[in-house]
4 protein chains.
Amino acid sequence: MVRVKVGVMGYGTIGQRLAEGVLLQEDMELVGVADIYPTLSVRALKERGMPYDFYNGEPKNDHLFEGLGIPLAGHGEDLIKKCDIILDATAAGVGAKNKELYKKYNKKAVFQGGEANDVADVFFHGYANYEKGVGKDYLKLTSCNTTGLIRAVDCLDREYGIEKLAITIIRRVADPGDYHRGLTNALQVEKAPNHQAVDLMTIMPHISATGILVHTPVTHGHIITVVATPKTDISVENVIDCFKTHPRIRVVRIEDGFLGNASLFKYARDLGNPRGDMYEIAVFEETVVKSGKDIMFAINIPQEAVVIPETMDAVRAAMVVETDRLKAVSLTNEYLGMGKWM
Amino acid sequence: MVRVKVGVMGYGTIGQRLAEGVLLQEDMELVGVADIYPTLSVRALKERGMPYDFYNGEPKNDHLFEGLGIPLAGHGEDLIKKCDIILDATAAGVGAKNKELYKKYNKKAVFQGGEANDVADVFFHGYANYEKGVGKDYLKLTSCNTTGLIRAVDCLDREYGIEKLAITIIRRVADPGDYHRGLTNALQVEKAPNHQAVDLMTIMPHISATGILVHTPVTHGHIITVVATPKTDISVENVIDCFKTHPRIRVVRIEDGFLGNASLFKYARDLGNPRGDMYEIAVFEETVVKSGKDIMFAINIPQEAVVIPETMDAVRAAMVVETDRLKAVSLTNEYLGMGKWM
Amino acid sequence: MVRVKVGVMGYGTIGQRLAEGVLLQEDMELVGVADIYPTLSVRALKERGMPYDFYNGEPKNDHLFEGLGIPLAGHGEDLIKKCDIILDATAAGVGAKNKELYKKYNKKAVFQGGEANDVADVFFHGYANYEKGVGKDYLKLTSCNTTGLIRAVDCLDREYGIEKLAITIIRRVADPGDYHRGLTNALQVEKAPNHQAVDLMTIMPHISATGILVHTPVTHGHIITVVATPKTDISVENVIDCFKTHPRIRVVRIEDGFLGNASLFKYARDLGNPRGDMYEIAVFEETVVKSGKDIMFAINIPQEAVVIPETMDAVRAAMVVETDRLKAVSLTNEYLGMGKWM
Amino acid sequence: MVRVKVGVMGYGTIGQRLAEGVLLQEDMELVGVADIYPTLSVRALKERGMPYDFYNGEPKNDHLFEGLGIPLAGHGEDLIKKCDIILDATAAGVGAKNKELYKKYNKKAVFQGGEANDVADVFFHGYANYEKGVGKDYLKLTSCNTTGLIRAVDCLDREYGIEKLAITIIRRVADPGDYHRGLTNALQVEKAPNHQAVDLMTIMPHISATGILVHTPVTHGHIITVVATPKTDISVENVIDCFKTHPRIRVVRIEDGFLGNASLFKYARDLGNPRGDMYEIAVFEETVVKSGKDIMFAINIPQEAVVIPETMDAVRAAMVVETDRLKAVSLTNEYLGMGKWM
């Protein structure tokens, strides 16, 4: 099997996890990762003994890396040249600039949610619109909240049909370790509708969606409450059973001790997962309720790792490794060990 | 005018505010307040020079008050005997026990949301079902979230008719100064439906409601997102205009700096309000959106003071000071200075 | 008595409290306050019915105030011209610019801790070096932490002599209502020594001081632990008794329910204080301990209001209302009601 | 080599980490772990495929484990019988009860910091008093803060001699995932001196120590500021160099991005460490300062994993695997990979 050569630009929270996600894909090869400064994450890579190659994306900073004894496999453009496809996880807006390089070297690329939609040919979600990404050059992933939200909505929509959504995003305001952003003893309301509802409608145009986002001073996982109007009247059990069949959704119970986002973070750590990461979203079983025909439920989005599976899907779509949606996502699920608990 | 003689049992967060709410009602007289320990709130009353009388609700603790030089106007039963009506703001469950005393002395009483519903003849909300409380002996107020929520829902319901609700309560987990409860870097999900949705249906049985509650580690105000299905299609402007006519609802704008619950707490402090309290709920104007016919919006509930107005309404209902709903609530609004900004 | 005409430039957290502190001084007259935008604090002033005059410090913004119906008594320069002395509570760095105006109109001024030291003739603390401020044109107050810290250290130093200090500042990272700064689930360490230790040595050059500052995600009050080496061996009781004599220091007990900064914020609210403010620092009695000859204790600094008393002192020093240190601070204490609990 | 047979009682935050620490020791064998309920941590063990045996410590709960398909290797007493030594990481107070079983089966045991001191023959710290534990039957580890604190103090004390300490513990109030305890927007002060200062004097009786503890609403690591009086005047560089030689202490720089406890938690995750754990304490280089002869500095204590190395030391002491202090700790350091960055 010829493995897809993948590079990762930007070695932050998402970039690190993309790199290690690629390492687990048997049909991909991680050529290396790039960043422009010797951040703590890059220093950690060195302390680990450089398990994969690092490229400096800013040549004039070579001396900074050299001063710290961080071996460079080359510069950012060297990495691009060696790859079939680039996963761009740079800061919002940088990806659009990098795209010029990808075009120059005739390489495909997958951008993350922070970039503007027009950077890409298609706004992509592995489960919801895999087919649209097949063979495309530039794909943009949905953001972490939208990715997780669409998993749940698409799951119900394919089984029962969903007409309308009203979502409340109770957003974690920073990642663990962030000092450059934060909120203290305050809830912050954003102008509605939130972009996640709008983005969902771009991916799933047959659904009418709106939503409100409220920032909260926590770091482990967003909680989203979803009010969904199905086409036909379905039961609470229907909803729960539907979610239970999805390898990227865990149905968890408050009764068992899954009390909120922090329980899921702890559980991932107790699993011994590297970094304490979790790829799956969770549905809290006891929150699934009805009002009239409307279904309401709460999900948890592990913001640091949730987009990794759909990005792996995006590589297979862009590189036409697989044209069938379900076969493609199954490959990702198998290599990442998703749904093993089922 | 004969003023209604009012006593307050329990001098905690709510009891203190009830006492000072009563002081502002020209048709009421505050006989005094009672508690069972020399808490910091009672010590503060002494430091203020005892602007109103204090009664010890636990005779065997007399020496504790005496040791601190806190003058006692008598015991709890003495207070009850002197009053026409008691506002019971004791800890959840204590009110039911106190009720025996109120019955013994043939006194009316208003209980707070923490008590079981069956402690009272009627589950009361000043705007939504004032008439049901008229002349009753025992009234129970809705809890802080439900009180604020019903203000907003009743406002729309009377104008346009509301059929169905799905609410998400983003709950502050503790009051400022609480050390006996707290949450740190975690969101906590509760079994659905939340009691607020259920309670709302008790007060407004023509509406179908459900909801999910998520605790957040903040202290200044709950945020509730409401998805409301009106009987007829109404516009965002209709909703905003409707709220703007209500003296217990402030329509505020994110654009002006009202970014969330903490902005409203700060604003109340900037107003120079004693304790930095605010009686009104707030609607964030830019959060009012639609999905199909459904209306969605976010409100802020100042949990410490929000029930004071409706409790003043309850006194007038129970004591038959006024039988007309709108006249009754207007008296409260006038004495508390609500709607002055309109 | 001719009252000192005082103006306040900058109507933020400190400016508002300075204005209302001046209103309480019988030997001062508040001419008015100025700011450059219709912030929420300015809107609150309007909602209160303009209890004092407001001046617009940025003439080209007149239309913003007019659009909101906020009456202007003039522009910033008009305010300066009418005053004897200006309390500058503008954002850090702006005071230095404003100083040109104060010089132009030959007015005295008191700057807050955010300005550079060289903006002023003397770095001032009411209790520690009142005499140095007498008759000076430009005084700069110590910052909130330093002001409170010096109160405690000066109290011990005048009685027993202090040689050496090592302080740990456990700093609240934002004020209630702040959305522009925050920290979430993190402690942040700053390069040592902290400026408070350095500033203390400027005011009290006979003491050797150092310290470490750690930011914490809370809003109600800094906690400082102080390790002080006295000249002679003194007892824990000596220390506590010494603090108990100081009208700007409350000695509080954990046993009574004063568990930390939030208890003190709550207590100030329970006192019914406007905004829930407190002027005094607190010493937690049960934290006073010894290691060898060293004394260790913890104090609470209510960051929003703590500098108001010392700023009132500064006005009297600059305007030579009173040349005697103890008489001067007593006037402030009396008008602000400090030490009433003693 | 005959490996020491080790069992772990209590599979919580510490127990899990002890088990996996033992797995890394080439001279030890993990017989299994025990707990009394199918907690989330036990469920995670099952989801991982039972990498090691689990014993049910409460026979009447067998059906709970069976219902979840969690295989039992036996009951708690079976585990004890198979081991040479037990690491007791049960809830505070339970260890004392368990000790009866250990005695019954003539097994040695190591208790954690939550137990009373009299449960053990010696209060133990690998670096500070290894010799005292050699051959003893019952050892009690110091708590997480004390363990980390003593590492730093012992390091300086052996090189330069320390006479006196005054410490401020800025304590994380809960672990990530804790919902049973928490603090919201508050700092909480404890009666002084804190137990850590007292415990340190038990281990290092030649030092005079005191300290104040303040709880803060964060979950990732305690920060301790230490004021240490050395016997002779030493320089800031001496202190830093001394810490740099210690395999269980990382000297980190704010300048490099180590801004506080959350940076260290993130760094451990970036290292790909299981659970994101870190065994080392950290010293923030830029916080090392002097006041007179006194040295002051700030350290970070990763509360979840910090006691694992010293517990491994305790096994070797109790089982007389090694009688030499430095050889013993070196074995732990080697197997846990400590000091690899040096």
# chains A, B, ... in the order shown; residues from 1 in each chain; ligands from 1
$ residues_around --residues "His206 of chain A" --least-positions-apart "5" --cutoff "9 Å" --atoms "only C-alpha atoms" --output "list of chain:residue names"
A:Ile162, A:Glu163, A:Lys164, A:Met201
$ interface_residues --of "chain A" --to "chain D" --cutoff "9 Å" --atoms "only C-alpha atoms" --output "JSON, numbers by chain"
{"A": [13, 16, 39, 40, 41, 42, 43, 44, 45, 47, 48, 176, 177, 178, 179, 184, 185, 220, 256, 257, 258, 259, 260, 261, 262, 263, 264, 265, 266, 267, 268, 269, 270, 271, 272, 273, 274, 275, 276, 277, 340, 341]}
$ atom_distance --atom1 "atom CA of Ile169 of chain C" --atom2 "atom CA of Gly211 of chain C"
7.5 Å
$ atom_distance --atom1 "atom CA of Val33 of chain A" --atom2 "atom CA of Tyr55 of chain A"
6.0 Å
$ select_by_dssp --residues "segment 45-279 of chain B" --states "strand (DSSP E)" --output "PyMOL selection string"
chain B and resi 54-56+85-88+108-111+122-124+138-141+162-172+188-189+208-216+222-230+249-252
$ write_last_selection --atoms "N, CA and C atoms" --output "short mmCIF file (atom, residue, chain, number, x, y, z; two decimals), in the first residue's frame"
data_model
loop_
_atom_site.label_atom_id
_atom_site.label_comp_id
_atom_site.auth_asym_id
_atom_site.auth_seq_id
_atom_site.Cartn_x
_atom_site.Cartn_y
_atom_site.Cartn_z
N PHE B 54 -34.32 42.66 65.85
CA PHE B 54 -33.92 41.28 65.61
C PHE B 54 -34.47 40.38 66.71
N TYR B 55 -35.00 39.23 66.32
CA TYR B 55 -35.53 38.23 67.25
C TYR B 55 -34.73 36.95 67.11
N ASN B 56 -34.46 36.32 68.25
CA ASN B 56 -33.72 35.06 68.22
C ASN B 56 -34.69 33.89 68.09
N ILE B 85 -48.37 38.81 58.83
CA ILE B 85 -47.89 37.83 57.85
C ILE B 85 -46.39 37.65 58.01
N ILE B 86 -45.95 36.43 57.79
CA ILE B 86 -44.53 36.11 57.93
C ILE B 86 -43.94 35.78 56.56
N LEU B 87 -42.79 36.34 56.27
CA LEU B 87 -42.03 35.93 55.09
C LEU B 87 -41.00 34.93 55.56
N ASP B 88 -41.17 33.70 55.17
CA ASP B 88 -40.28 32.65 55.67
C ASP B 88 -39.15 32.43 54.66
N LYS B 108 -50.71 34.34 58.53
CA LYS B 108 -50.44 33.99 57.13
C LYS B 108 -48.92 33.92 56.93
N ALA B 109 -48.54 33.28 55.82
CA ALA B 109 -47.09 33.18 55.55
C ALA B 109 -46.83 33.04 54.05
N VAL B 110 -45.67 33.54 53.67
CA VAL B 110 -45.19 33.37 52.30
C VAL B 110 -43.87 32.60 52.39
N PHE B 111 -43.81 31.46 51.68
CA PHE B 111 -42.60 30.63 51.69
C PHE B 111 -41.79 30.87 50.41
N VAL B 122 -51.09 27.87 47.49
CA VAL B 122 -50.92 28.25 46.08
C VAL B 122 -49.46 28.52 45.78
N PHE B 123 -49.03 28.09 44.61
CA PHE B 123 -47.68 28.31 44.10
C PHE B 123 -47.81 29.61 43.29
N PHE B 124 -47.14 30.65 43.73
CA PHE B 124 -47.49 32.01 43.34
C PHE B 124 -46.44 32.73 42.52
N TYR B 138 -51.43 30.60 52.84
CA TYR B 138 -50.04 30.17 52.66
C TYR B 138 -49.68 30.18 51.19
N LEU B 139 -48.75 31.02 50.85
CA LEU B 139 -48.31 31.12 49.46
C LEU B 139 -46.86 30.67 49.37
N LYS B 140 -46.52 30.03 48.27
CA LYS B 140 -45.12 29.69 48.04
C LYS B 140 -44.65 30.37 46.77
N LEU B 141 -43.55 31.08 46.88
CA LEU B 141 -42.98 31.75 45.70
C LEU B 141 -42.29 30.73 44.81
N ILE B 162 -48.07 31.74 24.07
CA ILE B 162 -46.92 30.83 23.95
C ILE B 162 -47.43 29.40 24.11
N GLU B 163 -46.99 28.54 23.22
CA GLU B 163 -47.45 27.15 23.26
C GLU B 163 -46.46 26.21 23.93
N LYS B 164 -45.19 26.48 23.69
CA LYS B 164 -44.20 25.47 24.01
C LYS B 164 -42.88 26.13 24.35
N LEU B 165 -42.14 25.53 25.26
CA LEU B 165 -40.86 26.10 25.70
C LEU B 165 -39.81 25.01 25.83
N ALA B 166 -38.57 25.36 25.51
CA ALA B 166 -37.42 24.51 25.84
C ALA B 166 -36.36 25.46 26.36
N ILE B 167 -36.02 25.30 27.62
CA ILE B 167 -35.12 26.25 28.26
C ILE B 167 -33.81 25.58 28.67
N THR B 168 -32.73 26.37 28.60
CA THR B 168 -31.44 25.91 29.08
C THR B 168 -31.02 26.86 30.18
N ILE B 169 -30.86 26.33 31.37
CA ILE B 169 -30.46 27.18 32.49
C ILE B 169 -28.97 27.03 32.71
N ILE B 170 -28.26 28.13 32.52
CA ILE B 170 -26.82 28.16 32.76
C ILE B 170 -26.68 28.80 34.13
N ARG B 171 -26.59 27.94 35.12
CA ARG B 171 -26.82 28.34 36.51
C ARG B 171 -25.53 28.75 37.23
N ARG B 172 -25.59 29.88 37.92
CA ARG B 172 -24.48 30.24 38.82
C ARG B 172 -24.57 29.25 39.97
N GLN B 188 -21.53 21.24 35.33
CA GLN B 188 -22.25 20.06 35.85
C GLN B 188 -23.65 20.01 35.28
N VAL B 189 -23.97 18.86 34.68
CA VAL B 189 -25.26 18.66 34.04
C VAL B 189 -26.21 17.98 35.02
N SER B 208 -46.49 23.82 27.30
CA SER B 208 -45.69 22.61 27.40
C SER B 208 -44.23 23.03 27.50
N ALA B 209 -43.54 22.61 28.57
CA ALA B 209 -42.17 23.09 28.77
C ALA B 209 -41.24 21.97 29.17
N THR B 210 -40.00 22.07 28.73
CA THR B 210 -38.97 21.18 29.22
C THR B 210 -37.67 21.98 29.30
N GLY B 211 -36.63 21.37 29.83
CA GLY B 211 -35.39 22.14 29.94
C GLY B 211 -34.26 21.34 30.55
N ILE B 212 -33.07 21.85 30.32
CA ILE B 212 -31.84 21.25 30.85
C ILE B 212 -31.12 22.30 31.67
N LEU B 213 -30.56 21.89 32.80
CA LEU B 213 -29.82 22.82 33.66
C LEU B 213 -28.36 22.40 33.74
N VAL B 214 -27.50 23.39 33.60
CA VAL B 214 -26.05 23.15 33.69
C VAL B 214 -25.46 24.14 34.69
N HIS B 215 -24.83 23.60 35.73
CA HIS B 215 -24.18 24.47 36.72
C HIS B 215 -22.85 24.97 36.19
N THR B 216 -22.55 26.23 36.47
CA THR B 216 -21.28 26.81 36.03
C THR B 216 -20.61 27.50 37.22
N HIS B 222 -27.74 33.88 36.99
CA HIS B 222 -27.99 32.80 36.05
C HIS B 222 -28.26 33.42 34.66
N ILE B 223 -27.88 32.68 33.63
CA ILE B 223 -28.31 33.03 32.27
C ILE B 223 -29.23 31.90 31.80
N ILE B 224 -30.38 32.25 31.27
CA ILE B 224 -31.29 31.24 30.72
C ILE B 224 -31.49 31.53 29.24
N THR B 225 -31.34 30.50 28.41
CA THR B 225 -31.76 30.66 27.02
C THR B 225 -33.12 30.00 26.89
N VAL B 226 -34.00 30.70 26.21
CA VAL B 226 -35.39 30.26 26.07
C VAL B 226 -35.70 30.05 24.60
N VAL B 227 -36.20 28.88 24.26
CA VAL B 227 -36.74 28.63 22.92
C VAL B 227 -38.25 28.56 23.12
N ALA B 228 -38.96 29.55 22.57
CA ALA B 228 -40.41 29.65 22.79
C ALA B 228 -41.15 29.55 21.46
N THR B 229 -42.15 28.70 21.43
CA THR B 229 -42.97 28.60 20.23
C THR B 229 -44.25 29.41 20.46
N PRO B 230 -44.37 30.54 19.75
CA PRO B 230 -45.58 31.35 19.94
C PRO B 230 -46.74 30.79 19.11
N ILE B 249 -38.34 44.01 33.64
CA ILE B 249 -37.42 43.48 32.64
C ILE B 249 -36.63 44.64 32.03
N ARG B 250 -35.32 44.54 32.07
CA ARG B 250 -34.47 45.50 31.38
C ARG B 250 -34.05 44.88 30.06
N VAL B 251 -34.22 45.59 28.98
CA VAL B 251 -33.66 45.15 27.70
C VAL B 251 -32.30 45.83 27.58
N VAL B 252 -31.24 45.05 27.57
CA VAL B 252 -29.89 45.62 27.53
C VAL B 252 -29.19 45.16 26.26
#
$ atom_distance --atom1 "atom CA of Val4 of chain B" --atom2 "atom CA of Met319 of chain B"
7.7 Å
$ residues_around --residues "Glu26 of chain A" --least-positions-apart "6" --cutoff "10 Å" --atoms "only C-alpha atoms" --output "list in words"
Met1, Arg3, Val4, Leu331, Thr332, Glu334 and Tyr335 of chain A
$ write_last_selection --atoms "C-alpha atoms" --output "tab-separated table (two decimals), in the first residue's frame"
chain	number	residue	atom	x	y	z
A	1	MET	CA	0.00	0.00	0.00
A	3	ARG	CA	0.71	5.60	2.18
A	4	VAL	CA	-0.42	9.20	1.89
A	331	LEU	CA	-11.07	3.44	8.58
A	332	THR	CA	-10.57	6.47	10.79
A	334	GLU	CA	-10.59	1.68	13.41
A	335	TYR	CA	-7.19	3.35	13.45
$ select_by_dssp --residues "segment 34-225 of chain C" --states "helix (DSSP H, G or I)" --output "MDAnalysis selection string"
chainID C and resid 40:47 59:67 76:82 94:104 117:119 126:133 144:160 195:203
$ residues_around --residues "Lys107 of chain D" --least-positions-apart "4" --cutoff "7 Å" --atoms "only C-alpha atoms" --output "list in words"
Asp84, Ile85, Tyr102 and Lys103 of chain D
$ write_last_selection --atoms "N, CA and C atoms" --output "short mmCIF file (atom, residue, chain, number, x, y, z; two decimals), in the first residue's frame"
data_model
loop_
_atom_site.label_atom_id
_atom_site.label_comp_id
_atom_site.auth_asym_id
_atom_site.auth_seq_id
_atom_site.Cartn_x
_atom_site.Cartn_y
_atom_site.Cartn_z
N ASP D 84 3.87 -8.84 48.98
CA ASP D 84 4.85 -8.61 50.03
C ASP D 84 4.54 -7.32 50.77
N ILE D 85 3.98 -6.38 50.04
CA ILE D 85 3.74 -5.05 50.61
C ILE D 85 2.53 -4.43 49.92
N TYR D 102 -3.56 -6.01 57.24
CA TYR D 102 -2.15 -6.16 56.88
C TYR D 102 -1.41 -6.89 58.00
N LYS D 103 -1.76 -6.55 59.24
CA LYS D 103 -1.13 -7.21 60.37
C LYS D 103 -1.53 -8.68 60.41
#
$ residues_around --residues "Gln303 of chain A" --least-positions-apart "3" --cutoff "7 Å" --atoms "only C-alpha atoms" --output "PDB file with C-alpha atoms, in the first residue's frame"
ATOM      1  CA  CYS A 144     -14.755  21.930  17.274  1.00  0.00           C
ATOM      2  CA  GLY A 221     -15.145  20.665  27.106  1.00  0.00           C
ATOM      3  CA  HIS A 222     -18.074  22.623  25.757  1.00  0.00           C
ATOM      4  CA  VAL A 306     -12.717  16.313  18.625  1.00  0.00           C
TER       5      VAL A 306
END
$ closest_residue --among "C:Gln25, C:Thr90, C:Asn333, C:Asn106" --to "Gly57 of chain C" --atoms "only C-alpha atoms"
C:Thr90
$ residues_around --residues "Pro247 of chain D" --least-positions-apart "5" --cutoff "12 Å" --atoms "only C-alpha atoms" --output "JSON, numbers by chain"
{"D": [127, 151, 152, 155, 242, 279, 280, 281, 282, 309, 326, 329, 330, 331, 332, 333, 334, 336, 337, 338, 339, 340, 341, 342]}
$ residues_around --residues "segment 234-236 of chain C" --least-positions-apart "4" --cutoff "9 Å" --atoms "only C-alpha atoms" --output "compact mmCIF listing (two decimals) with C-alpha atoms, in the first residue's frame"
# COMPACT_ATOMS: atom_id res chain seq x y z
CA TYR C 160 7.90 47.63 67.38
CA PRO C 230 10.73 42.73 63.94
CA ILE C 240 -3.01 41.25 67.08
CA ASP C 241 -3.46 43.97 69.68
CA VAL C 288 -0.83 35.28 62.98
CA VAL C 289 2.03 32.89 63.77
CA LYS C 290 5.75 32.96 64.42
CA LYS C 293 11.50 35.78 65.76
CA ASP C 294 9.68 36.22 62.48
CA ILE C 295 6.01 37.12 62.49
